[in-house]
file coords-v7.pdb (PDB, C-alpha atoms, pLDDT in the B column)
ATOM      1  CA  MET X1081      41.721 -24.195 -17.563  1.00 38.00           C
ATOM      2  CA  ALA X1082      39.326 -21.363 -16.767  1.00 39.00           C
ATOM      3  CA  LEU X1083      40.505 -18.724 -14.392  1.00 38.00           C
ATOM      4  CA  MET X1084      38.581 -18.302 -11.143  1.00 36.00           C
ATOM      5  CA  PRO X1085      37.055 -14.856 -10.641  1.00 40.00           C
ATOM      6  CA  GLU X1086      38.837 -12.639  -8.189  1.00 41.00           C
ATOM      7  CA  PRO X1087      37.348 -12.846  -4.669  1.00 38.00           C
ATOM      8  CA  THR X1088      37.084  -9.087  -4.603  1.00 39.00           C
ATOM      9  CA  ALA X1089      34.977  -8.853  -7.784  1.00 42.00           C
ATOM     10  CA  PRO X1090      31.608  -8.485  -5.951  1.00 40.00           C
ATOM     11  CA  PHE X1091      33.080  -5.754  -3.804  1.00 39.00           C
ATOM     12  CA  HIS X1092      34.303  -3.902  -6.874  1.00 51.00           C
ATOM     13  CA  SER X1093      30.769  -4.119  -8.300  1.00 66.00           C
ATOM     14  CA  VAL X1094      29.357  -2.552  -5.130  1.00 73.00           C
ATOM     15  CA  GLN X1095      31.979   0.193  -5.287  1.00 78.00           C
ATOM     16  CA  TYR X1096      31.111   0.889  -8.918  1.00 83.00           C
ATOM     17  CA  ALA X1097      27.394   1.066  -8.075  1.00 83.00           C
ATOM     18  CA  LEU X1098      28.048   3.484  -5.226  1.00 82.00           C
ATOM     19  CA  ARG X1099      30.163   5.690  -7.481  1.00 86.00           C
ATOM     20  CA  VAL X1100      27.340   5.800 -10.019  1.00 89.00           C
ATOM     21  CA  LEU X1101      24.761   6.643  -7.328  1.00 86.00           C
ATOM     22  CA  GLU X1102      27.012   9.401  -5.964  1.00 86.00           C
ATOM     23  CA  SER X1103      27.295  10.858  -9.465  1.00 88.00           C
ATOM     24  CA  VAL X1104      23.519  10.790 -10.011  1.00 87.00           C
ATOM     25  CA  ALA X1105      22.847  12.268  -6.557  1.00 83.00           C
ATOM     26  CA  ARG X1106      25.110  15.247  -7.323  1.00 85.00           C
ATOM     27  CA  HIS X1107      22.864  16.280 -10.218  1.00 84.00           C
ATOM     28  CA  ALA X1108      19.362  17.077  -8.941  1.00 72.00           C
ATOM     29  CA  GLY X1109      18.191  17.957 -12.465  1.00 76.00           C
ATOM     30  CA  GLY X1110      19.464  14.713 -13.972  1.00 87.00           C
ATOM     31  CA  VAL X1111      22.731  13.527 -15.503  1.00 90.00           C
ATOM     32  CA  THR X1112      23.493  11.729 -18.774  1.00 92.00           C
ATOM     33  CA  GLU X1113      25.243   8.373 -19.069  1.00 92.00           C
ATOM     34  CA  VAL X1114      28.150  10.106 -20.805  1.00 92.00           C
ATOM     35  CA  GLN X1115      28.585  12.484 -17.853  1.00 92.00           C
ATOM     36  CA  ILE X1116      28.303   9.639 -15.351  1.00 93.00           C
ATOM     37  CA  GLY X1117      31.015   7.768 -17.244  1.00 92.00           C
ATOM     38  CA  ARG X1118      33.210  10.868 -17.231  1.00 92.00           C
ATOM     39  CA  GLU X1119      32.779  11.390 -13.474  1.00 92.00           C
ATOM     40  CA  THR X1120      33.185   7.754 -12.456  1.00 91.00           C
ATOM     41  CA  GLY X1121      35.741   6.661 -14.997  1.00 90.00           C
ATOM     42  CA  LEU X1122      33.710   3.537 -15.777  1.00 89.00           C
ATOM     43  CA  PRO X1123      33.786   2.238 -19.376  1.00 84.00           C
ATOM     44  CA  VAL X1124      30.486   1.905 -21.251  1.00 80.00           C
ATOM     45  CA  GLY X1125      30.760  -1.882 -21.136  1.00 83.00           C
ATOM     46  CA  HIS X1126      30.484  -1.754 -17.330  1.00 84.00           C
ATOM     47  CA  LEU X1127      28.322   1.333 -16.942  1.00 91.00           C
ATOM     48  CA  SER X1128      25.375   0.420 -19.197  1.00 90.00           C
ATOM     49  CA  PRO X1129      24.492  -2.912 -17.509  1.00 90.00           C
ATOM     50  CA  LEU X1130      25.071  -1.321 -14.103  1.00 89.00           C
ATOM     51  CA  LEU X1131      22.611   1.489 -14.877  1.00 92.00           C
ATOM     52  CA  LEU X1132      20.126  -1.093 -16.181  1.00 90.00           C
ATOM     53  CA  MET X1133      20.341  -3.006 -12.897  1.00 86.00           C
ATOM     54  CA  LEU X1134      19.973   0.175 -10.814  1.00 88.00           C
ATOM     55  CA  ARG X1135      16.907   1.174 -12.857  1.00 86.00           C
ATOM     56  CA  ARG X1136      15.363  -2.264 -12.452  1.00 85.00           C
ATOM     57  CA  GLU X1137      15.786  -2.081  -8.671  1.00 77.00           C
ATOM     58  CA  GLY X1138      14.429   1.473  -8.534  1.00 79.00           C
ATOM     59  CA  TYR X1139      17.619   3.162  -7.317  1.00 81.00           C
ATOM     60  CA  VAL X1140      17.753   5.436 -10.369  1.00 86.00           C
ATOM     61  CA  GLU X1141      15.121   6.530 -12.867  1.00 87.00           C
ATOM     62  CA  GLN X1142      15.487   7.698 -16.457  1.00 89.00           C
ATOM     63  CA  VAL X1143      13.495  10.827 -17.282  1.00 85.00           C
ATOM     64  CA  ALA X1144      12.087  12.017 -20.598  1.00 75.00           C
ATOM     65  CA  ASP X1145      15.345  13.441 -21.985  1.00 80.00           C
ATOM     66  CA  GLY X1146      17.278  10.260 -21.161  1.00 86.00           C
ATOM     67  CA  ALA X1147      19.011  11.702 -18.120  1.00 90.00           C
ATOM     68  CA  TYR X1148      19.204   9.769 -14.852  1.00 91.00           C
ATOM     69  CA  VAL X1149      17.832  10.912 -11.486  1.00 86.00           C
ATOM     70  CA  ILE X1150      17.683   9.197  -8.115  1.00 78.00           C
ATOM     71  CA  GLY X1151      14.819   6.704  -7.701  1.00 80.00           C
ATOM     72  CA  ASP X1152      12.415   5.971  -4.881  1.00 69.00           C
ATOM     73  CA  SER X1153      14.351   2.915  -3.661  1.00 68.00           C
ATOM     74  CA  LEU X1154      17.323   5.152  -2.944  1.00 63.00           C
ATOM     75  CA  VAL X1155      15.166   7.821  -1.327  1.00 60.00           C
ATOM     76  CA  LEU X1156      13.548   5.179   0.908  1.00 57.00           C
ATOM     77  CA  LEU X1157      16.943   4.453   2.422  1.00 56.00           C
ATOM     78  CA  GLY X1158      16.895   7.975   3.871  1.00 57.00           C
ATOM     79  CA  SER X1159      14.616   9.522   6.463  1.00 52.00           C
ATOM     80  CA  GLY X1160      12.267  12.425   7.104  1.00 55.00           C
ATOM     81  CA  ALA X1161       9.700  14.035   4.821  1.00 60.00           C
ATOM     82  CA  THR X1162      11.409  13.000   1.581  1.00 60.00           C
ATOM     83  CA  ARG X1163      11.299   9.348   2.611  1.00 60.00           C
ATOM     84  CA  ARG X1164       7.623   9.596   3.584  1.00 69.00           C
ATOM     85  CA  GLU X1165       6.759  11.157   0.228  1.00 74.00           C
ATOM     86  CA  ALA X1166       8.655   8.415  -1.612  1.00 67.00           C
ATOM     87  CA  LEU X1167       6.857   5.729   0.395  1.00 72.00           C
ATOM     88  CA  GLU X1168       3.468   7.306  -0.361  1.00 77.00           C
ATOM     89  CA  ARG X1169       4.302   7.399  -4.067  1.00 77.00           C
ATOM     90  CA  LYS X1170       5.368   3.760  -3.994  1.00 75.00           C
ATOM     91  CA  LEU X1171       2.191   2.710  -2.174  1.00 81.00           C
ATOM     92  CA  GLN X1172       0.013   4.755  -4.548  1.00 87.00           C
ATOM     93  CA  GLU X1173       1.620   3.066  -7.539  1.00 82.00           C
ATOM     94  CA  THR X1174       1.036  -0.323  -5.912  1.00 83.00           C
ATOM     95  CA  LEU X1175      -2.607   0.584  -5.229  1.00 91.00           C
ATOM     96  CA  ARG X1176      -3.168   1.579  -8.864  1.00 91.00           C
ATOM     97  CA  GLU X1177      -1.688  -1.730 -10.028  1.00 88.00           C
ATOM     98  CA  LEU X1178      -3.870  -3.594  -7.529  1.00 91.00           C
ATOM     99  CA  ARG X1179      -6.975  -1.647  -8.642  1.00 95.00           C
ATOM    100  CA  ASP X1180      -6.358  -2.674 -12.234  1.00 95.00           C
ATOM    101  CA  SER X1181      -5.612  -6.317 -11.398  1.00 92.00           C
ATOM    102  CA  VAL X1182      -8.701  -6.898  -9.205  1.00 95.00           C
ATOM    103  CA  GLY X1183     -10.995  -4.540 -11.126  1.00 96.00           C
ATOM    104  CA  ALA X1184     -12.159  -2.639  -8.058  1.00 97.00           C
ATOM    105  CA  ALA X1185     -11.465   0.539  -6.116  1.00 98.00           C
ATOM    106  CA  VAL X1186      -8.883  -0.212  -3.411  1.00 97.00           C
ATOM    107  CA  TYR X1187      -8.053   1.502  -0.142  1.00 96.00           C
ATOM    108  CA  ILE X1188      -5.484   1.565   2.648  1.00 93.00           C
ATOM    109  CA  SER X1189      -7.021   2.398   6.000  1.00 94.00           C
ATOM    110  CA  ARG X1190      -5.450   2.824   9.442  1.00 92.00           C
ATOM    111  CA  TYR X1191      -6.696   3.202  12.965  1.00 95.00           C
ATOM    112  CA  ILE X1192      -4.968   6.395  14.112  1.00 93.00           C
ATOM    113  CA  ASP X1193      -5.569   8.131  17.447  1.00 93.00           C
ATOM    114  CA  GLY X1194      -8.791   6.207  17.954  1.00 94.00           C
ATOM    115  CA  GLU X1195     -10.226   6.987  14.520  1.00 96.00           C
ATOM    116  CA  VAL X1196     -10.791   5.137  11.246  1.00 97.00           C
ATOM    117  CA  ARG X1197      -8.874   6.907   8.493  1.00 96.00           C
ATOM    118  CA  ILE X1198      -8.604   6.137   4.783  1.00 96.00           C
ATOM    119  CA  THR X1199      -4.998   7.164   4.170  1.00 93.00           C
ATOM    120  CA  GLN X1200      -4.715   6.293   0.460  1.00 93.00           C
ATOM    121  CA  TYR X1201      -6.931   4.888  -2.256  1.00 95.00           C
ATOM    122  CA  ALA X1202      -7.052   4.234  -5.986  1.00 96.00           C
ATOM    123  CA  ALA X1203     -10.285   4.471  -7.971  1.00 97.00           C
ATOM    124  CA  GLY X1204     -11.293   5.296 -11.537  1.00 96.00           C
ATOM    125  CA  PRO X1205     -14.222   5.681 -13.953  1.00 95.00           C
ATOM    126  CA  ARG X1206     -14.657   1.897 -14.168  1.00 94.00           C
ATOM    127  CA  THR X1207     -13.825   1.325 -10.508  1.00 97.00           C
ATOM    128  CA  PRO X1208     -15.677   4.029  -8.580  1.00 96.00           C
ATOM    129  CA  ALA X1209     -14.897   4.735  -4.930  1.00 97.00           C
ATOM    130  CA  VAL X1210     -17.527   4.288  -2.239  1.00 96.00           C
ATOM    131  CA  HIS X1211     -19.740   7.335  -1.795  1.00 95.00           C
ATOM    132  CA  GLU X1212     -19.035   8.464   1.782  1.00 96.00           C
ATOM    133  CA  TRP X1213     -22.601   9.347   2.647  1.00 96.00           C
ATOM    134  CA  VAL X1214     -21.862   8.794   6.362  1.00 97.00           C
ATOM    135  CA  ASP X1215     -18.444   9.710   7.771  1.00 96.00           C
ATOM    136  CA  PHE X1216     -16.329   6.538   7.773  1.00 96.00           C
ATOM    137  CA  ARG X1217     -15.160   7.424  11.278  1.00 95.00           C
ATOM    138  CA  SER X1218     -18.733   6.977  12.506  1.00 96.00           C
ATOM    139  CA  ALA X1219     -19.454   3.809  10.531  1.00 97.00           C
ATOM    140  CA  ALA X1220     -16.829   1.325  11.723  1.00 97.00           C
ATOM    141  CA  HIS X1221     -19.597  -1.068  12.830  1.00 97.00           C
ATOM    142  CA  ALA X1222     -21.003  -1.243   9.295  1.00 98.00           C
ATOM    143  CA  SER X1223     -18.125  -0.963   6.816  1.00 98.00           C
ATOM    144  CA  ALA X1224     -15.674  -3.713   5.880  1.00 98.00           C
ATOM    145  CA  VAL X1225     -12.819  -1.307   6.612  1.00 97.00           C
ATOM    146  CA  GLY X1226     -14.155  -0.434  10.059  1.00 97.00           C
ATOM    147  CA  LYS X1227     -14.957  -4.004  11.057  1.00 98.00           C
ATOM    148  CA  CYS X1228     -11.532  -5.200   9.900  1.00 96.00           C
ATOM    149  CA  LEU X1229      -9.868  -2.532  12.044  1.00 96.00           C
ATOM    150  CA  LEU X1230     -12.087  -3.332  15.037  1.00 97.00           C
ATOM    151  CA  THR X1231     -11.154  -7.021  14.833  1.00 96.00           C
ATOM    152  CA  GLN X1232      -7.582  -5.972  15.565  1.00 94.00           C
ATOM    153  CA  LEU X1233      -8.533  -4.107  18.758  1.00 94.00           C
ATOM    154  CA  ASP X1234      -9.170  -5.697  22.139  1.00 94.00           C
ATOM    155  CA  VAL X1235     -12.601  -5.503  23.771  1.00 95.00           C
ATOM    156  CA  ASP X1236     -11.743  -2.329  25.674  1.00 96.00           C
ATOM    157  CA  GLY X1237     -10.513  -0.682  22.481  1.00 96.00           C
ATOM    158  CA  ARG X1238     -13.717  -1.590  20.662  1.00 97.00           C
ATOM    159  CA  ARG X1239     -15.910  -0.330  23.497  1.00 97.00           C
ATOM    160  CA  ASP X1240     -13.950   2.896  23.659  1.00 97.00           C
ATOM    161  CA  HIS X1241     -14.500   3.414  19.941  1.00 97.00           C
ATOM    162  CA  LEU X1242     -18.231   2.707  20.116  1.00 97.00           C
ATOM    163  CA  SER X1243     -18.602   4.979  23.144  1.00 96.00           C
ATOM    164  CA  ARG X1244     -17.486   7.825  20.890  1.00 97.00           C
ATOM    165  CA  HIS X1245     -19.235   6.612  17.739  1.00 97.00           C
ATOM    166  CA  ARG X1246     -22.594   5.154  18.650  1.00 94.00           C
ATOM    167  CA  ILE X1247     -23.940   2.279  16.563  1.00 96.00           C
ATOM    168  CA  ALA X1248     -26.529   3.524  14.093  1.00 97.00           C
ATOM    169  CA  ARG X1249     -28.646   1.714  11.510  1.00 97.00           C
ATOM    170  CA  LEU X1250     -27.385   2.774   8.086  1.00 98.00           C
ATOM    171  CA  THR X1251     -29.246   0.158   6.041  1.00 98.00           C
ATOM    172  CA  SER X1252     -31.578  -2.727   6.809  1.00 97.00           C
ATOM    173  CA  ARG X1253     -28.504  -5.001   6.902  1.00 97.00           C
ATOM    174  CA  THR X1254     -26.530  -2.990   9.496  1.00 98.00           C
ATOM    175  CA  ILE X1255     -25.770  -4.765  12.781  1.00 97.00           C
ATOM    176  CA  THR X1256     -26.966  -2.478  15.573  1.00 97.00           C
ATOM    177  CA  ASN X1257     -26.486  -4.775  18.581  1.00 97.00           C
ATOM    178  CA  GLU X1258     -23.060  -4.425  20.222  1.00 96.00           C
ATOM    179  CA  LYS X1259     -23.055  -7.992  21.562  1.00 96.00           C
ATOM    180  CA  VAL X1260     -23.858  -9.431  18.134  1.00 97.00           C
ATOM    181  CA  LEU X1261     -21.251  -7.212  16.501  1.00 97.00           C
ATOM    182  CA  PHE X1262     -18.508  -8.259  18.954  1.00 97.00           C
ATOM    183  CA  SER X1263     -19.450 -11.922  18.514  1.00 97.00           C
ATOM    184  CA  LYS X1264     -19.057 -11.618  14.739  1.00 96.00           C
ATOM    185  CA  LEU X1265     -15.744  -9.803  15.130  1.00 96.00           C
ATOM    186  CA  ASP X1266     -14.436 -12.489  17.492  1.00 96.00           C
ATOM    187  CA  SER X1267     -15.468 -15.299  15.139  1.00 96.00           C
ATOM    188  CA  GLN X1268     -13.858 -13.656  12.101  1.00 94.00           C
ATOM    189  CA  PRO X1269     -10.936 -15.870  10.911  1.00 90.00           C
ATOM    190  CA  ALA X1270      -7.774 -13.804  10.500  1.00 82.00           C
ATOM    191  CA  SER X1271      -7.119 -15.384   7.093  1.00 83.00           C
ATOM    192  CA  VAL X1272     -10.578 -14.629   5.688  1.00 91.00           C
ATOM    193  CA  PRO X1273     -11.538 -11.189   4.289  1.00 95.00           C
ATOM    194  CA  VAL X1274     -14.107  -9.171   6.259  1.00 96.00           C
ATOM    195  CA  LEU X1275     -17.158  -8.449   4.104  1.00 97.00           C
ATOM    196  CA  ASP X1276     -19.689  -5.623   3.953  1.00 97.00           C
ATOM    197  CA  LEU X1277     -22.747  -6.733   2.000  1.00 97.00           C
ATOM    198  CA  GLN X1278     -24.644  -3.447   1.736  1.00 98.00           C
ATOM    199  CA  GLU X1279     -24.299  -2.808   5.482  1.00 98.00           C
ATOM    200  CA  TYR X1280     -22.793   0.645   4.994  1.00 98.00           C
ATOM    201  CA  ALA X1281     -24.576   1.679   1.797  1.00 97.00           C
ATOM    202  CA  ILE X1282     -27.198   0.188  -0.466  1.00 97.00           C
ATOM    203  CA  GLY X1283     -25.682  -0.593  -3.853  1.00 97.00           C
ATOM    204  CA  THR X1284     -22.121  -1.287  -2.644  1.00 97.00           C
ATOM    205  CA  VAL X1285     -20.278  -4.389  -1.406  1.00 98.00           C
ATOM    206  CA  CYS X1286     -16.808  -4.327   0.155  1.00 98.00           C
ATOM    207  CA  ALA X1287     -14.076  -6.578   1.498  1.00 97.00           C
ATOM    208  CA  ALA X1288     -11.083  -5.874   3.754  1.00 96.00           C
ATOM    209  CA  VAL X1289      -8.058  -7.793   5.043  1.00 94.00           C
ATOM    210  CA  PRO X1290      -5.737  -6.901   7.957  1.00 91.00           C
ATOM    211  CA  LEU X1291      -2.646  -4.936   7.039  1.00 84.00           C
ATOM    212  CA  THR X1292      -0.355  -4.377  10.000  1.00 72.00           C
ATOM    213  CA  ALA X1293       3.248  -3.197  10.146  1.00 64.00           C
ATOM    214  CA  GLY X1294       4.738  -3.236  13.622  1.00 64.00           C
ATOM    215  CA  SER X1295       2.203  -2.045  16.176  1.00 70.00           C
ATOM    216  CA  ALA X1296       0.113  -0.154  13.602  1.00 79.00           C
ATOM    217  CA  VAL X1297      -3.457  -1.304  12.956  1.00 88.00           C
ATOM    218  CA  GLY X1298      -4.505  -1.114   9.328  1.00 91.00           C
ATOM    219  CA  CYS X1299      -6.257  -2.862   6.473  1.00 93.00           C
ATOM    220  CA  LEU X1300      -6.360  -3.215   2.718  1.00 94.00           C
ATOM    221  CA  ALA X1301      -9.854  -3.011   1.239  1.00 96.00           C
ATOM    222  CA  LEU X1302     -11.826  -2.954  -1.997  1.00 98.00           C
ATOM    223  CA  SER X1303     -15.332  -1.924  -3.046  1.00 98.00           C
ATOM    224  CA  LEU X1304     -17.602  -2.942  -5.908  1.00 98.00           C
ATOM    225  CA  PRO X1305     -20.979  -1.722  -7.169  1.00 97.00           C
ATOM    226  CA  ILE X1306     -23.739  -4.200  -6.370  1.00 97.00           C
ATOM    227  CA  GLU X1307     -24.009  -5.243 -10.032  1.00 97.00           C
ATOM    228  CA  HIS X1308     -20.493  -6.693  -9.693  1.00 97.00           C
ATOM    229  CA  ALA X1309     -21.203  -8.467  -6.397  1.00 97.00           C
ATOM    230  CA  HIS X1310     -20.650 -11.827  -8.090  1.00 97.00           C
ATOM    231  CA  ARG X1311     -16.935 -10.913  -8.344  1.00 97.00           C
ATOM    232  CA  LEU X1312     -16.531 -10.010  -4.662  1.00 97.00           C
ATOM    233  CA  ARG X1313     -15.202 -13.357  -3.418  1.00 95.00           C
ATOM    234  CA  THR X1314     -12.670 -13.699  -6.231  1.00 95.00           C
ATOM    235  CA  ALA X1315     -11.518 -10.092  -5.857  1.00 96.00           C
ATOM    236  CA  ALA X1316     -11.304 -10.461  -2.066  1.00 95.00           C
ATOM    237  CA  ASP X1317      -9.131 -13.568  -2.416  1.00 92.00           C
ATOM    238  CA  ALA X1318      -6.817 -11.682  -4.792  1.00 91.00           C
ATOM    239  CA  LEU X1319      -6.709  -8.808  -2.295  1.00 91.00           C
ATOM    240  CA  ASN X1320      -5.766 -11.240   0.472  1.00 89.00           C
ATOM    241  CA  ARG X1321      -2.882 -12.617  -1.572  1.00 85.00           C
ATOM    242  CA  ARG X1322      -1.516  -9.102  -2.095  1.00 82.00           C
ATOM    243  CA  ALA X1323      -1.691  -8.159   1.585  1.00 80.00           C
ATOM    244  CA  ALA X1324       1.701  -9.667   2.526  1.00 68.00           C
ATOM    245  CA  PRO X1325       3.671  -7.723  -0.125  1.00 66.00           C
ATOM    246  CA  MET X1326       1.802  -4.585   0.930  1.00 67.00           C
ATOM    247  CA  VAL X1327       2.894  -5.136   4.542  1.00 64.00           C
ATOM    248  CA  LEU X1328       6.498  -5.286   3.358  1.00 54.00           C
ATOM    249  CA  SER X1329       6.017  -1.968   1.547  1.00 57.00           C
ATOM    250  CA  LEU X1330       4.597  -0.369   4.687  1.00 59.00           C
ATOM    251  CA  ALA X1331       7.395  -1.741   6.841  1.00 50.00           C
ATOM    252  CA  ILE X1332      10.281  -0.453   4.703  1.00 43.00           C
TER     253      ILE X1332
END
call {"tool": "encode", "arguments": {"input": "coords-v7.pdb", "output": "structure tokens"}}
result
Amino acid sequence: MALMPEPTAPFHSVQYALRVLESVARHAGGVTEVQIGRETGLPVGHLSPLLLMLRREGYVEQVADGAYVIGDSLVLLGSGATRREALERKLQETLRELRDSVGAAVYISRYIDGEVRITQYAAGPRTPAVHEWVDFRSAAHASAVGKCLLTQLDVDGRRDHLSRHRIARLTSRTITNEKVLFSKLDSQPASVPVLDLQEYAIGTVCAAVPLTAGSAVGCLALSLPIEHAHRLRTAADALNRRAAPMVLSLAI
């Protein structure tokens, strides 16, 4: 007859993990598995799979010389500047992965203090970023990013924005009538990406989806050169599917 595991076994596993994390945290420059074993008293048979699990979850990282250092997941449990830096690194890594998977430059934008701001982006030689020929803060009415952010504001918020950033014709496709613009924003389904088909700049198409964490107003966007416009819908759908995980990252 097989013996039942002790009820306290999961708690022992948590205690072991905490002892390992305490050991790693004591060594800012990194600590070897041998040293961790010496400090925690854990045998290799327990320590190796535990370190593997902690690496997989991002609580520790293994550097070039094989030593272990604290990982971003552990840092994110803290607060202050270190936590913010860890979150930015995590988001940047996610953006690079998203750039490569959709084959387009990708951006995180937020509406902060009444202004459109691109807070992070990932681009590359094969996925060039949009050329900001007009300040994005002044082009909310024309860009996918700006329109997506404006859809999340109420009418007064939109009017306040446009009172400070007057509508201007940037291309022949730019909407320059406030009533028409607001009508399009109001009819935009929340589940459908907002598109910019050469409204901001000739030669570029863009898509954006809402990305909100708490009361913050933000969006996740991508851009493609016009010669890749045939991929916009597919890329925008992929972007939309990745929005929910991105929200979780922002809300950590």
call {"tool": "closest_residue", "arguments": {"input": "coords-v7.pdb", "among": "X:His1211, X:His1107, X:His1221, X:Arg1313", "to": "Val1272 in chain X", "atoms": "all atoms listed in the file"}}
result
X:Arg1313
call {"tool": "atom_distance", "arguments": {"input": "coords-v7.pdb", "atom1": "CA of Ala1318 in chain X", "atom2": "CA of Val1182 in chain X"}}
result
6.8 Å
call {"tool": "closest_residue", "arguments": {"input": "coords-v7.pdb", "among": "X:Cys1299, X:Leu1122, X:Ile1150, X:Ala1144", "to": "Val1104 in chain X", "atoms": "only C-alpha atoms"}}
result
X:Ile1150
call {"tool": "resolve_selection", "arguments": {"input": "coords-v7.pdb", "expression": "the PyMOL selection byres ((chain X and resi 1212) around 12)", "output": "number ranges by chain"}}
result
X: 1198, 1208-1211, 1213-1219, 1223, 1250, 1280-1282, 1284
call {"tool": "atom_distance", "arguments": {"input": "coords-v7.pdb", "atom1": "CA of Phe1262 in chain X", "atom2": "CA of Val1196 in chain X"}}
result
17.3 Å
call {"tool": "resolve_selection", "arguments": {"input": "coords-v7.pdb", "expression": "the PyMOL selection byres ((chain X and resi 1172) around 12)", "output": "number ranges by chain"}}
result
X: 1165-1171, 1173-1179, 1186-1188, 1199-1203, 1326, 1329-1330
call {"tool": "resolve_selection", "arguments": {"input": "coords-v7.pdb", "expression": "the PyMOL selection byres ((chain X and resi 1306) around 12)", "output": "ChimeraX atom specification"}}
result
/X:1184,1208,1210,1276-1279,1281-1286,1303-1305,1307-1312
call {"tool": "closest_residue", "arguments": {"input": "coords-v7.pdb", "among": "X:Gly1226, X:Gly1117, X:Pro1123, X:Gly1138", "to": "Arg1190 in chain X", "atoms": "only C-alpha atoms"}}
result
X:Gly1226
call {"tool": "decode", "arguments": {"input": "coords-v7.pdb", "residues": "range 1261-1272 of chain X", "atoms": "N, CA, C and O atoms", "output": "PDB file, in the first residue's frame"}}
result
ATOM      1  N   LEU X1261     -15.317  63.048 -37.219  1.00  0.00           N
ATOM      2  CA  LEU X1261     -14.337  62.312 -36.415  1.00  0.00           C
ATOM      3  C   LEU X1261     -15.006  61.684 -35.203  1.00  0.00           C
ATOM      4  O   LEU X1261     -14.828  60.488 -34.931  1.00  0.00           O
ATOM      5  N   PHE X1262     -15.797  62.468 -34.452  1.00  0.00           N
ATOM      6  CA  PHE X1262     -16.457  61.956 -33.251  1.00  0.00           C
ATOM      7  C   PHE X1262     -17.440  60.844 -33.604  1.00  0.00           C
ATOM      8  O   PHE X1262     -17.586  59.870 -32.851  1.00  0.00           O
ATOM      9  N   SER X1263     -18.122  60.983 -34.733  1.00  0.00           N
ATOM     10  CA  SER X1263     -19.064  59.950 -35.168  1.00  0.00           C
ATOM     11  C   SER X1263     -18.342  58.638 -35.422  1.00  0.00           C
ATOM     12  O   SER X1263     -18.815  57.555 -35.031  1.00  0.00           O
ATOM     13  N   LYS X1264     -17.167  58.714 -36.068  1.00  0.00           N
ATOM     14  CA  LYS X1264     -16.389  57.504 -36.336  1.00  0.00           C
ATOM     15  C   LYS X1264     -15.863  56.893 -35.044  1.00  0.00           C
ATOM     16  O   LYS X1264     -15.830  55.669 -34.888  1.00  0.00           O
ATOM     17  N   LEU X1265     -15.443  57.749 -34.113  1.00  0.00           N
ATOM     18  CA  LEU X1265     -14.954  57.244 -32.830  1.00  0.00           C
ATOM     19  C   LEU X1265     -16.071  56.545 -32.061  1.00  0.00           C
ATOM     20  O   LEU X1265     -15.854  55.492 -31.449  1.00  0.00           O
ATOM     21  N   ASP X1266     -17.263  57.124 -32.088  1.00  0.00           N
ATOM     22  CA  ASP X1266     -18.399  56.546 -31.363  1.00  0.00           C
ATOM     23  C   ASP X1266     -18.863  55.233 -31.975  1.00  0.00           C
ATOM     24  O   ASP X1266     -19.391  54.365 -31.266  1.00  0.00           O
ATOM     25  N   SER X1267     -18.685  55.072 -33.278  1.00  0.00           N
ATOM     26  CA  SER X1267     -19.141  53.853 -33.951  1.00  0.00           C
ATOM     27  C   SER X1267     -18.071  52.764 -33.987  1.00  0.00           C
ATOM     28  O   SER X1267     -18.312  51.678 -34.512  1.00  0.00           O
ATOM     29  N   GLN X1268     -16.906  53.053 -33.419  1.00  0.00           N
ATOM     30  CA  GLN X1268     -15.803  52.094 -33.414  1.00  0.00           C
ATOM     31  C   GLN X1268     -16.088  50.970 -32.415  1.00  0.00           C
ATOM     32  O   GLN X1268     -16.148  51.217 -31.212  1.00  0.00           O
ATOM     33  N   PRO X1269     -16.261  49.718 -32.856  1.00  0.00           N
ATOM     34  CA  PRO X1269     -16.479  48.609 -31.915  1.00  0.00           C
ATOM     35  C   PRO X1269     -15.238  48.412 -31.044  1.00  0.00           C
ATOM     36  O   PRO X1269     -14.108  48.447 -31.541  1.00  0.00           O
ATOM     37  N   ALA X1270     -15.476  48.196 -29.753  1.00  0.00           N
ATOM     38  CA  ALA X1270     -14.353  48.052 -28.814  1.00  0.00           C
ATOM     39  C   ALA X1270     -13.487  46.845 -29.141  1.00  0.00           C
ATOM     40  O   ALA X1270     -12.293  46.824 -28.826  1.00  0.00           O
ATOM     41  N   SER X1271     -14.071  45.833 -29.779  1.00  0.00           N
ATOM     42  CA  SER X1271     -13.332  44.600 -30.067  1.00  0.00           C
ATOM     43  C   SER X1271     -12.624  44.609 -31.418  1.00  0.00           C
ATOM     44  O   SER X1271     -11.959  43.637 -31.786  1.00  0.00           O
ATOM     45  N   VAL X1272     -12.756  45.715 -32.155  1.00  0.00           N
ATOM     46  CA  VAL X1272     -12.167  45.801 -33.490  1.00  0.00           C
ATOM     47  C   VAL X1272     -11.018  46.815 -33.489  1.00  0.00           C
ATOM     48  O   VAL X1272     -11.184  47.930 -32.981  1.00  0.00           O
TER      49      VAL X1272
END
